[in-house]
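Below: input27.txt (compact mmCIF, C-alpha atoms and all ligand atoms)
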```txt
# COMPACT_ATOMS: atom_id res chain seq x y z
CA MET A 55 124.81 113.28 107.78
CA SER A 56 121.16 113.86 108.57
CA LEU A 57 118.40 112.53 106.37
CA LYS A 58 116.65 115.04 104.13
CA LEU A 59 113.17 115.23 102.65
CA GLY A 60 113.08 113.15 99.48
CA ASP A 61 115.84 110.79 100.62
CA THR A 62 115.10 107.08 100.63
CA ALA A 63 114.40 105.93 104.18
CA PRO A 64 117.29 103.63 105.11
CA ASP A 65 116.35 99.96 105.32
CA PHE A 66 117.29 97.92 108.39
CA LYS A 67 116.57 94.70 110.24
CA ALA A 68 115.65 94.94 113.92
CA GLU A 69 113.99 93.14 116.80
CA SER A 70 110.62 94.51 117.79
CA THR A 71 107.84 93.72 120.20
CA GLN A 72 105.96 92.15 117.27
CA GLY A 73 108.89 90.03 116.06
CA ASP A 74 111.89 90.61 113.83
CA ILE A 75 111.32 93.34 111.26
CA SER A 76 112.92 94.00 107.91
CA PHE A 77 111.83 97.61 107.61
CA HIS A 78 111.12 98.06 103.89
CA GLN A 79 109.43 94.68 103.69
CA TRP A 80 107.36 95.49 106.78
CA LEU A 81 106.27 98.80 105.23
CA GLY A 82 105.17 97.07 102.03
CA LYS A 83 103.01 99.45 99.98
CA SER A 84 101.87 101.44 103.00
CA TRP A 85 102.89 104.84 104.23
CA GLY A 86 104.95 104.64 107.41
CA VAL A 87 105.64 106.61 110.57
CA LEU A 88 108.87 105.77 112.38
CA PHE A 89 109.14 107.65 115.67
CA SER A 90 111.72 107.49 118.41
CA HIS A 91 111.36 108.26 122.08
CA PRO A 92 114.10 108.71 124.67
CA ALA A 93 113.60 105.78 127.01
CA ASP A 94 111.24 103.16 128.40
CA PHE A 95 109.50 103.72 131.75
CA THR A 96 109.52 107.50 131.38
CA PRO A 97 106.38 109.57 131.87
CA VAL A 98 106.04 111.56 128.65
CA CYS A 99 106.92 108.54 126.49
CA THR A 100 104.30 106.49 128.32
CA THR A 101 101.61 109.04 127.39
CA GLU A 102 102.86 109.29 123.80
CA LEU A 103 102.75 105.58 123.11
CA GLY A 104 99.30 105.38 124.68
CA ALA A 105 98.14 108.27 122.46
CA VAL A 106 99.41 106.53 119.32
CA ALA A 107 97.71 103.27 120.32
CA LYS A 108 94.39 105.11 120.67
CA LEU A 109 94.84 106.66 117.20
CA LYS A 110 95.73 103.36 115.47
CA ALA A 111 92.39 103.22 113.62
CA GLU A 112 93.05 106.72 112.23
CA PHE A 113 96.48 105.66 110.96
CA ASP A 114 94.96 102.48 109.47
CA LYS A 115 92.29 104.54 107.67
CA ARG A 116 95.09 106.47 105.98
CA ASN A 117 97.06 103.30 105.08
CA VAL A 118 99.83 104.29 107.49
CA LYS A 119 101.84 101.78 109.55
CA VAL A 120 103.32 103.16 112.77
CA ILE A 121 106.42 101.87 114.50
CA ALA A 122 108.18 103.24 117.59
CA LEU A 123 111.81 102.93 118.65
CA SER A 124 113.94 103.37 121.70
CA VAL A 125 117.42 102.26 122.60
CA ASP A 126 116.18 99.95 125.37
CA PRO A 127 116.16 96.16 125.00
CA LEU A 128 113.20 94.04 123.97
CA GLN A 129 112.41 92.69 127.45
CA SER A 130 112.24 96.23 128.78
CA HIS A 131 109.80 97.22 126.00
CA ASN A 132 107.60 94.20 126.75
CA ASP A 133 107.54 94.99 130.48
CA TRP A 134 106.83 98.67 129.83
CA ILE A 135 103.93 97.90 127.46
CA LYS A 136 102.05 96.44 130.42
CA ASP A 137 102.38 99.78 132.22
CA ILE A 138 101.33 101.74 129.13
CA ASN A 139 98.25 99.58 128.69
CA GLU A 140 97.36 99.93 132.36
CA THR A 141 97.96 103.65 132.82
CA GLN A 142 96.79 104.90 129.41
CA HIS A 143 93.75 102.59 129.25
CA THR A 144 94.64 101.15 125.86
CA GLN A 145 96.49 98.28 124.22
CA VAL A 146 99.77 99.02 122.47
CA ASN A 147 98.87 97.73 119.02
CA PHE A 148 101.97 98.58 116.98
CA PRO A 149 105.59 97.39 117.17
CA ILE A 150 108.30 99.02 119.26
CA ILE A 151 111.82 98.49 117.93
CA ALA A 152 114.50 97.48 120.43
CA ASP A 153 117.69 99.26 119.45
CA PRO A 154 120.14 98.75 122.34
CA ILE A 155 123.23 99.12 120.14
CA PHE A 156 121.87 102.32 118.48
CA LYS A 157 121.93 100.72 115.03
CA VAL A 158 118.71 102.32 113.76
CA ALA A 159 119.09 105.40 115.95
CA ASN A 160 122.41 106.23 114.29
CA LEU A 161 121.15 105.35 110.81
CA TYR A 162 118.34 107.88 111.24
CA ASP A 163 120.39 110.42 113.23
CA MET A 164 118.05 110.18 116.19
CA VAL A 165 120.76 110.88 118.77
CA HIS A 166 121.53 114.57 119.15
CA PRO A 167 124.62 114.62 121.36
CA ASN A 168 124.13 118.20 122.54
CA ALA A 169 120.78 117.10 123.97
CA SER A 170 121.97 113.67 125.18
CA ASP A 171 124.35 111.05 123.86
CA LYS A 172 122.57 108.31 125.80
CA PHE A 173 119.05 108.60 124.42
CA THR A 174 117.25 109.29 121.17
CA VAL A 175 115.36 112.56 120.85
CA ARG A 176 111.72 112.54 119.76
CA SER A 177 112.20 112.10 116.01
CA VAL A 178 109.39 111.48 113.56
CA PHE A 179 109.83 110.28 109.98
CA VAL A 180 106.85 110.02 107.63
CA ILE A 181 107.68 107.72 104.72
CA ASP A 182 105.64 107.35 101.52
CA PRO A 183 104.91 104.07 99.67
CA ASP A 184 108.03 104.66 97.51
CA LYS A 185 110.06 104.67 100.75
CA LYS A 186 110.86 108.37 100.40
CA ILE A 187 111.02 110.55 103.49
CA LYS A 188 108.22 113.10 103.19
CA LEU A 189 108.41 114.74 106.62
CA THR A 190 110.76 114.93 109.58
CA ILE A 191 110.02 116.44 112.97
CA THR A 192 112.31 116.65 115.99
CA TYR A 193 111.09 117.41 119.50
CA PRO A 194 113.18 117.49 122.66
CA ALA A 195 112.70 114.88 125.38
CA SER A 196 110.80 117.34 127.57
CA THR A 197 108.00 117.97 125.05
CA GLY A 198 105.48 115.32 124.09
CA ARG A 199 104.32 115.31 120.48
CA ASN A 200 100.86 116.17 119.16
CA PHE A 201 99.77 113.08 117.22
CA ASP A 202 96.59 114.77 115.97
CA GLU A 203 98.94 117.18 114.21
CA LEU A 204 100.79 114.23 112.73
CA LEU A 205 97.51 112.91 111.27
CA ARG A 206 96.74 116.39 109.91
CA VAL A 207 100.12 116.54 108.21
CA ILE A 208 99.65 113.06 106.75
CA ASP A 209 96.31 114.20 105.31
CA SER A 210 98.15 117.07 103.63
CA LEU A 211 101.01 114.88 102.38
CA GLN A 212 98.63 112.33 100.89
CA LEU A 213 96.45 114.98 99.26
CA THR A 214 99.32 116.98 97.79
CA ALA A 215 100.91 113.78 96.46
CA LYS A 216 97.77 113.24 94.33
CA TYR A 217 96.71 116.75 93.30
CA SER A 218 98.47 119.96 92.27
CA VAL A 219 97.53 121.69 95.48
CA ALA A 220 99.12 122.84 98.72
CA THR A 221 97.48 123.21 102.11
CA PRO A 222 97.42 126.60 103.86
CA ALA A 223 98.23 127.43 107.46
CA ASN A 224 96.26 125.39 110.00
CA TRP A 225 94.42 123.55 107.21
CA LYS A 226 92.29 120.62 108.24
CA ARG A 227 90.70 117.93 106.09
CA GLY A 228 87.56 119.31 104.43
CA GLU A 229 88.76 122.90 104.18
CA ASP A 230 89.71 124.73 100.97
CA VAL A 231 93.22 124.22 99.63
CA VAL A 232 95.60 126.38 97.62
CA VAL A 233 96.11 125.74 93.90
CA ALA A 234 99.79 125.05 93.20
CA PRO A 235 101.63 128.08 91.74
CA ALA A 236 102.63 125.99 88.69
CA ILE A 237 98.99 125.84 87.52
CA LYS A 238 97.97 128.80 85.32
CA THR A 239 94.76 130.48 86.46
CA GLU A 240 93.11 129.77 83.07
CA ASP A 241 93.83 126.04 83.53
CA ILE A 242 92.21 125.81 86.97
CA PRO A 243 88.59 125.10 85.87
CA ALA A 244 89.61 121.98 83.93
CA LYS A 245 91.72 120.68 86.79
CA PHE A 246 89.48 121.73 89.66
CA PRO A 247 85.87 121.70 88.42
CA LYS A 248 84.40 122.30 91.89
CA GLY A 249 85.28 125.98 91.47
CA HIS A 250 88.01 128.31 92.60
CA THR A 251 88.60 131.76 94.02
CA VAL A 252 91.33 134.12 92.86
CA ILE A 253 92.31 136.18 95.92
CA LYS A 254 95.56 137.38 94.32
CA PRO A 255 97.09 136.13 91.06
CA TYR A 256 99.43 134.00 93.18
CA LEU A 257 96.82 132.97 95.78
CA ARG A 258 94.06 130.82 94.32
CA THR A 259 91.93 128.48 96.40
CA THR A 260 89.67 125.56 95.57
CA PRO A 261 87.59 123.09 97.56
CA GLN A 262 89.48 119.96 98.63
CA PRO A 263 89.45 118.00 95.37
CA ASP A 264 89.03 114.44 96.65
CA LEU A 265 85.83 114.95 98.65
C1 LIG A 301 109.79 111.36 129.42
O1 LIG A 301 109.44 110.60 128.53
O2 LIG A 301 109.05 111.70 130.32
C2 LIG A 301 111.19 111.92 129.43
C3 LIG A 301 112.22 111.17 128.89
C4 LIG A 301 113.50 111.69 128.94
C5 LIG A 301 113.72 112.95 129.49
C6 LIG A 301 112.66 113.69 129.99
C7 LIG A 301 111.39 113.17 129.97
```

Mind converting the file's structure to structure tokens?
Ligand code: BEZ
Amino acid sequence: MSLKLGDTAPDFKAESTQGDISFHQWLGKSWGVLFSHPADFTPVCTTELGAVAKLKAEFDKRNVKVIALSVDPLQSHNDWIKDINETQHTQVNFPIIADPIFKVANLYDMVHPNASDKFTVRSVFVIDPDKKIKLTITYPASTGRNFDELLRVIDSLQLTAKYSVATPANWKRGEDVVVAPAIKTEDIPAKFPKGHTVIKPYLRTTPQPDL
């Protein structure tokens, strides 16, 4: 059965390019991004892992640990990292899980047999500090992910975890947010003293509260 938003992210032990990992312990009190890719030494995956390495400081700023996975063995990951570093002009600075017996891939339902039963698809799980799954995304092997979008979504998840707000379409950090429907309009000034706009009784906006 596939994992759903709000489920506890399954714990596991695995080998990675940065040593053996006990997943929950490794996450600690951080947010986490666990993302799978189909296979080592493939072109799109090479660009994706390079892109994540270049964004590591942005993930760190948000207290997010990133960890990749594919069903290739550890030696293959270590050999491939040299190519990623060379071709993407970066240093892979996060662990890649080696999952040759599909232990984690099956636990997280990362193999979609109608796409391929040999490889994981491009799954993404964003996990909060309580180990709850807050976001899942699935891309096919042929489409590389947009990791700037992942950071944008994490900004929304972290903001909406703290305040009674939601973020509108295409929202980016710094832009106005939507007041949660559960908040009565007369209660908004006390909760959001920076001001608010009532566009419709059900559509109220306010400046991003934590800036
Ligand atoms: C890639 O990463 O380039 C890739 C992997 C599997 C299938 C297609 C593309």

With 9 Å as the cut-off and only C-alpha atoms and all ligand atoms counted, what is the closest atom pair between each nearby residue of chain A and ligand LIG 301 (chain A)? Distances in Å to one decimal, ordered by chain and number, as CSV.
```
residue,atom,partner,partner_atom,distance
A:His91,CA,A:LIG301,O1,7.1
A:Pro92,CA,A:LIG301,C3,5.2
A:Ala93,CA,A:LIG301,C3,5.9
A:Asp94,CA,A:LIG301,O1,7.7
A:Phe95,CA,A:LIG301,O1,7.6
A:Thr96,CA,A:LIG301,O1,4.2
A:Pro97,CA,A:LIG301,O2,3.8
A:Val98,CA,A:LIG301,O2,3.4
A:Cys99,CA,A:LIG301,O1,3.8
A:Thr100,CA,A:LIG301,O1,6.6
A:Thr101,CA,A:LIG301,O1,8.1
A:Glu102,CA,A:LIG301,O1,8.2
A:Phe173,CA,A:LIG301,C4,7.8
A:Thr174,CA,A:LIG301,C4,9.0
A:Val175,CA,A:LIG301,C4,8.3
A:Pro194,CA,A:LIG301,C5,8.2
A:Ala195,CA,A:LIG301,C5,4.7
A:Ser196,CA,A:LIG301,C6,4.8
A:Thr197,CA,A:LIG301,C7,7.7
A:Gly198,CA,A:LIG301,O1,7.6
```

Give me the residues of stretch 148-180 of chain A that have any atom at most 6 Å from an atom of stretch 69-90 of chain A; for each, the nearest atom pair and the distance in Å, rounded to one decimal. Use all atoms listed in the file, sort by chain and number, and format it as a Markdown table.
```
| residue | atom | partner | partner_atom | distance |
| --- | --- | --- | --- | --- |
| A:Pro149 | CA | A:Gln72 | CA | 5.3 |
| A:Ile150 | CA | A:Ser70 | CA | 5.3 |
| A:Ile151 | CA | A:Ser70 | CA | 4.2 |
| A:Ala152 | CA | A:Ser70 | CA | 5.6 |
| A:Arg176 | CA | A:Ser90 | CA | 5.2 |
| A:Ser177 | CA | A:Ser90 | CA | 5.2 |
| A:Val178 | CA | A:Phe89 | CA | 4.4 |
| A:Phe179 | CA | A:Leu88 | CA | 5.2 |
| A:Val180 | CA | A:Val87 | CA | 4.7 |
```

Among the residues A:Thr260, A:Gln145, A:Ile191, A:Gly228, the one that comes closest to A:Pro243 [using only C-alpha atoms]
A:Thr260

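Residue nearest A:Leu257, chosen from A:Lys238, A:Lys185, A:Lys245, A:His131 and counting all atoms listed in the file: A:Lys238.
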
Could you tell me how far atom CA of A:Leu189 lies from atom CA of A:Val120, in Å and to one decimal?
14.1 Å

Write out as lines of an AutoDock Vina configuration file an axis-aligned box for stretch 70-77 of chain A: all of its atoms listed in the file, 8 Å added on each side, centre and edge lengths in Å with one decimal.
```
center_x = 109.4
center_y = 93.8
center_z = 113.9
size_x = 23.0
size_y = 23.6
size_z = 28.6
```

Neighbours of A:Ala234 within 12 Å (only C-alpha atoms; same-chain residues fewer than 2 positions away dropped), as a ChimeraX atom specification?
/A:214-215,217-222,231-232,236-239,241-242,245-246,255-260

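Checking A:Pro167, A:Gly104, A:Lys226, A:Lys157 one by one against A:Ser210, counting all atoms listed in the file, you find the shortest gap at A:Lys226.
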
Measuring atom to atom with all atoms listed in the file, identify which of A:Ser56, A:Thr251, A:Thr62, A:Gln142 is nearest to A:Lys188.
A:Thr62

Mind pulling up the distance from atom CA of A:Phe148 to atom CA of A:Asp61?
24.7 Å

Have a look at A:Glu203, A:Asp209, A:Asp264, A:Asp137 and name the one nearest to A:Val106; count only C-alpha atoms.
A:Glu203

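One distance worth recording is that between atom CA of A:Leu161 and atom CA of A:Glu112, which is 28.2 Å.
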
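Minimum distance to A:Gly60 across A:Asn139, A:Gln262, A:Gln212, A:Thr190 (counting only C-alpha atoms) occurs at A:Thr190.
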
Close residues, A:Asp171 itself excluded, 12 Å, only C-alpha atoms, min 6 positions apart in chain, as a PyMOL selection string:
chain A and resi 92+125+156+159-160+163-165

Saving stretch 223-239 of chain A with all heavy atoms, as an mmCIF file, in the first residue's frame, what would that file be?
```cif
data_model
loop_
_atom_site.group_PDB
_atom_site.id
_atom_site.type_symbol
_atom_site.label_atom_id
_atom_site.label_comp_id
_atom_site.auth_asym_id
_atom_site.auth_seq_id
_atom_site.Cartn_x
_atom_site.Cartn_y
_atom_site.Cartn_z
ATOM 1 N N ALA A 223 -1.486 29.881 -5.357
ATOM 2 C CA ALA A 223 -0.817 29.378 -6.565
ATOM 3 C C ALA A 223 0.464 30.158 -6.836
ATOM 4 O O ALA A 223 0.482 31.396 -6.741
ATOM 5 C CB ALA A 223 -1.752 29.518 -7.763
ATOM 6 N N ASN A 224 1.511 29.441 -7.134
ATOM 7 C CA ASN A 224 2.799 30.030 -7.558
ATOM 8 C C ASN A 224 3.451 30.912 -6.500
ATOM 9 O O ASN A 224 4.358 31.690 -6.804
ATOM 10 C CB ASN A 224 2.641 30.826 -8.860
ATOM 11 C CG ASN A 224 2.149 29.947 -9.978
ATOM 12 O OD1 ASN A 224 2.444 28.748 -10.006
ATOM 13 N ND2 ASN A 224 1.376 30.509 -10.887
ATOM 14 N N TRP A 225 2.969 30.800 -5.259
ATOM 15 C CA TRP A 225 3.525 31.621 -4.169
ATOM 16 C C TRP A 225 5.034 31.395 -4.040
ATOM 17 O O TRP A 225 5.530 30.278 -4.210
ATOM 18 C CB TRP A 225 2.839 31.235 -2.860
ATOM 19 C CG TRP A 225 3.441 31.888 -1.642
ATOM 20 C CD1 TRP A 225 3.141 33.114 -1.155
ATOM 21 C CD2 TRP A 225 4.426 31.334 -0.763
ATOM 22 N NE1 TRP A 225 3.890 33.375 -0.029
ATOM 23 C CE2 TRP A 225 4.689 32.296 0.238
ATOM 24 C CE3 TRP A 225 5.134 30.125 -0.735
ATOM 25 C CZ2 TRP A 225 5.614 32.079 1.256
ATOM 26 C CZ3 TRP A 225 6.044 29.908 0.281
ATOM 27 C CH2 TRP A 225 6.286 30.886 1.267
ATOM 28 N N LYS A 226 5.705 32.482 -3.733
ATOM 29 C CA LYS A 226 7.129 32.392 -3.405
ATOM 30 C C LYS A 226 7.365 33.135 -2.108
ATOM 31 O O LYS A 226 6.649 34.101 -1.794
ATOM 32 C CB LYS A 226 7.988 33.008 -4.511
ATOM 33 C CG LYS A 226 8.038 32.148 -5.763
ATOM 34 C CD LYS A 226 9.157 32.538 -6.703
ATOM 35 C CE LYS A 226 9.004 33.886 -7.370
ATOM 36 N NZ LYS A 226 7.826 34.086 -8.210
ATOM 37 N N ARG A 227 8.383 32.720 -1.369
ATOM 38 C CA ARG A 227 8.744 33.343 -0.104
ATOM 39 C C ARG A 227 8.762 34.861 -0.245
ATOM 40 O O ARG A 227 9.340 35.401 -1.189
ATOM 41 C CB ARG A 227 10.122 32.815 0.316
ATOM 42 C CG ARG A 227 10.474 33.117 1.716
ATOM 43 C CD ARG A 227 11.705 32.379 2.197
ATOM 44 N NE ARG A 227 12.181 33.031 3.410
ATOM 45 C CZ ARG A 227 11.553 32.963 4.569
ATOM 46 N NH1 ARG A 227 10.464 32.243 4.698
ATOM 47 N NH2 ARG A 227 12.016 33.610 5.618
ATOM 48 N N GLY A 228 8.093 35.547 0.675
ATOM 49 C CA GLY A 228 8.053 37.011 0.642
ATOM 50 C C GLY A 228 6.725 37.546 0.138
ATOM 51 O O GLY A 228 6.389 38.706 0.372
ATOM 52 N N GLU A 229 5.974 36.707 -0.557
ATOM 53 C CA GLU A 229 4.688 37.171 -1.100
ATOM 54 C C GLU A 229 3.562 36.952 -0.080
ATOM 55 O O GLU A 229 3.705 36.171 0.867
ATOM 56 C CB GLU A 229 4.381 36.419 -2.406
ATOM 57 C CG GLU A 229 5.383 36.755 -3.504
ATOM 58 C CD GLU A 229 5.186 35.978 -4.797
ATOM 59 O OE1 GLU A 229 4.305 35.091 -4.857
ATOM 60 O OE2 GLU A 229 5.926 36.262 -5.742
ATOM 61 N N ASP A 230 2.447 37.657 -0.309
ATOM 62 C CA ASP A 230 1.295 37.518 0.594
ATOM 63 C C ASP A 230 0.788 36.072 0.616
ATOM 64 O O ASP A 230 0.932 35.335 -0.371
ATOM 65 C CB ASP A 230 0.156 38.437 0.147
ATOM 66 C CG ASP A 230 0.452 39.903 0.474
ATOM 67 O OD1 ASP A 230 1.526 40.182 1.037
ATOM 68 O OD2 ASP A 230 -0.410 40.745 0.162
ATOM 69 N N VAL A 231 0.196 35.709 1.747
ATOM 70 C CA VAL A 231 -0.345 34.359 1.907
ATOM 71 C C VAL A 231 -1.844 34.461 2.173
ATOM 72 O O VAL A 231 -2.382 35.554 2.392
ATOM 73 C CB VAL A 231 0.370 33.611 3.058
ATOM 74 C CG1 VAL A 231 1.858 33.453 2.752
ATOM 75 C CG2 VAL A 231 0.176 34.333 4.394
ATOM 76 N N VAL A 232 -2.498 33.343 2.165
ATOM 77 C CA VAL A 232 -3.942 33.270 2.375
ATOM 78 C C VAL A 232 -4.198 32.905 3.839
ATOM 79 O O VAL A 232 -3.560 32.005 4.379
ATOM 80 C CB VAL A 232 -4.527 32.194 1.427
ATOM 81 C CG1 VAL A 232 -5.947 31.845 1.801
ATOM 82 C CG2 VAL A 232 -4.429 32.646 -0.023
ATOM 83 N N VAL A 233 -5.144 33.608 4.462
ATOM 84 C CA VAL A 233 -5.519 33.268 5.842
ATOM 85 C C VAL A 233 -6.369 31.991 5.801
ATOM 86 O O VAL A 233 -7.268 31.858 4.962
ATOM 87 C CB VAL A 233 -6.308 34.422 6.498
ATOM 88 C CG1 VAL A 233 -6.740 34.045 7.909
ATOM 89 C CG2 VAL A 233 -5.471 35.705 6.505
ATOM 90 N N ALA A 234 -6.062 31.066 6.699
ATOM 91 C CA ALA A 234 -6.768 29.773 6.703
ATOM 92 C C ALA A 234 -8.268 29.990 6.887
ATOM 93 O O ALA A 234 -8.691 30.846 7.687
ATOM 94 C CB ALA A 234 -6.215 28.889 7.811
ATOM 95 N N PRO A 235 -9.093 29.220 6.169
ATOM 96 C CA PRO A 235 -10.554 29.381 6.260
ATOM 97 C C PRO A 235 -11.075 29.246 7.692
ATOM 98 O O PRO A 235 -12.110 29.839 8.026
ATOM 99 C CB PRO A 235 -11.081 28.243 5.373
ATOM 100 C CG PRO A 235 -9.963 27.955 4.421
ATOM 101 C CD PRO A 235 -8.691 28.228 5.167
ATOM 102 N N ALA A 236 -10.379 28.519 8.546
ATOM 103 C CA ALA A 236 -10.864 28.312 9.921
ATOM 104 C C ALA A 236 -10.815 29.600 10.763
ATOM 105 O O ALA A 236 -11.481 29.687 11.806
ATOM 106 C CB ALA A 236 -10.025 27.228 10.602
ATOM 107 N N ILE A 237 -10.046 30.582 10.319
ATOM 108 C CA ILE A 237 -9.928 31.831 11.087
ATOM 109 C C ILE A 237 -11.065 32.778 10.686
ATOM 110 O O ILE A 237 -11.230 33.095 9.497
ATOM 111 C CB ILE A 237 -8.569 32.530 10.810
ATOM 112 C CG1 ILE A 237 -7.401 31.553 11.026
ATOM 113 C CG2 ILE A 237 -8.414 33.794 11.639
ATOM 114 C CD1 ILE A 237 -7.214 31.079 12.441
ATOM 115 N N LYS A 238 -11.847 33.237 11.690
ATOM 116 C CA LYS A 238 -12.924 34.190 11.389
ATOM 117 C C LYS A 238 -12.311 35.530 11.003
ATOM 118 O O LYS A 238 -11.298 35.936 11.597
ATOM 119 C CB LYS A 238 -13.800 34.377 12.635
ATOM 120 C CG LYS A 238 -14.634 33.174 12.969
ATOM 121 C CD LYS A 238 -15.534 33.531 14.148
ATOM 122 C CE LYS A 238 -16.299 32.326 14.602
ATOM 123 N NZ LYS A 238 -16.566 32.311 16.016
ATOM 124 N N THR A 239 -12.958 36.231 10.084
ATOM 125 C CA THR A 239 -12.407 37.506 9.616
ATOM 126 C C THR A 239 -12.182 38.472 10.787
ATOM 127 O O THR A 239 -11.163 39.178 10.838
ATOM 128 C CB THR A 239 -13.325 38.122 8.545
ATOM 129 O OG1 THR A 239 -13.352 37.218 7.424
ATOM 130 C CG2 THR A 239 -12.821 39.460 8.053
#
```
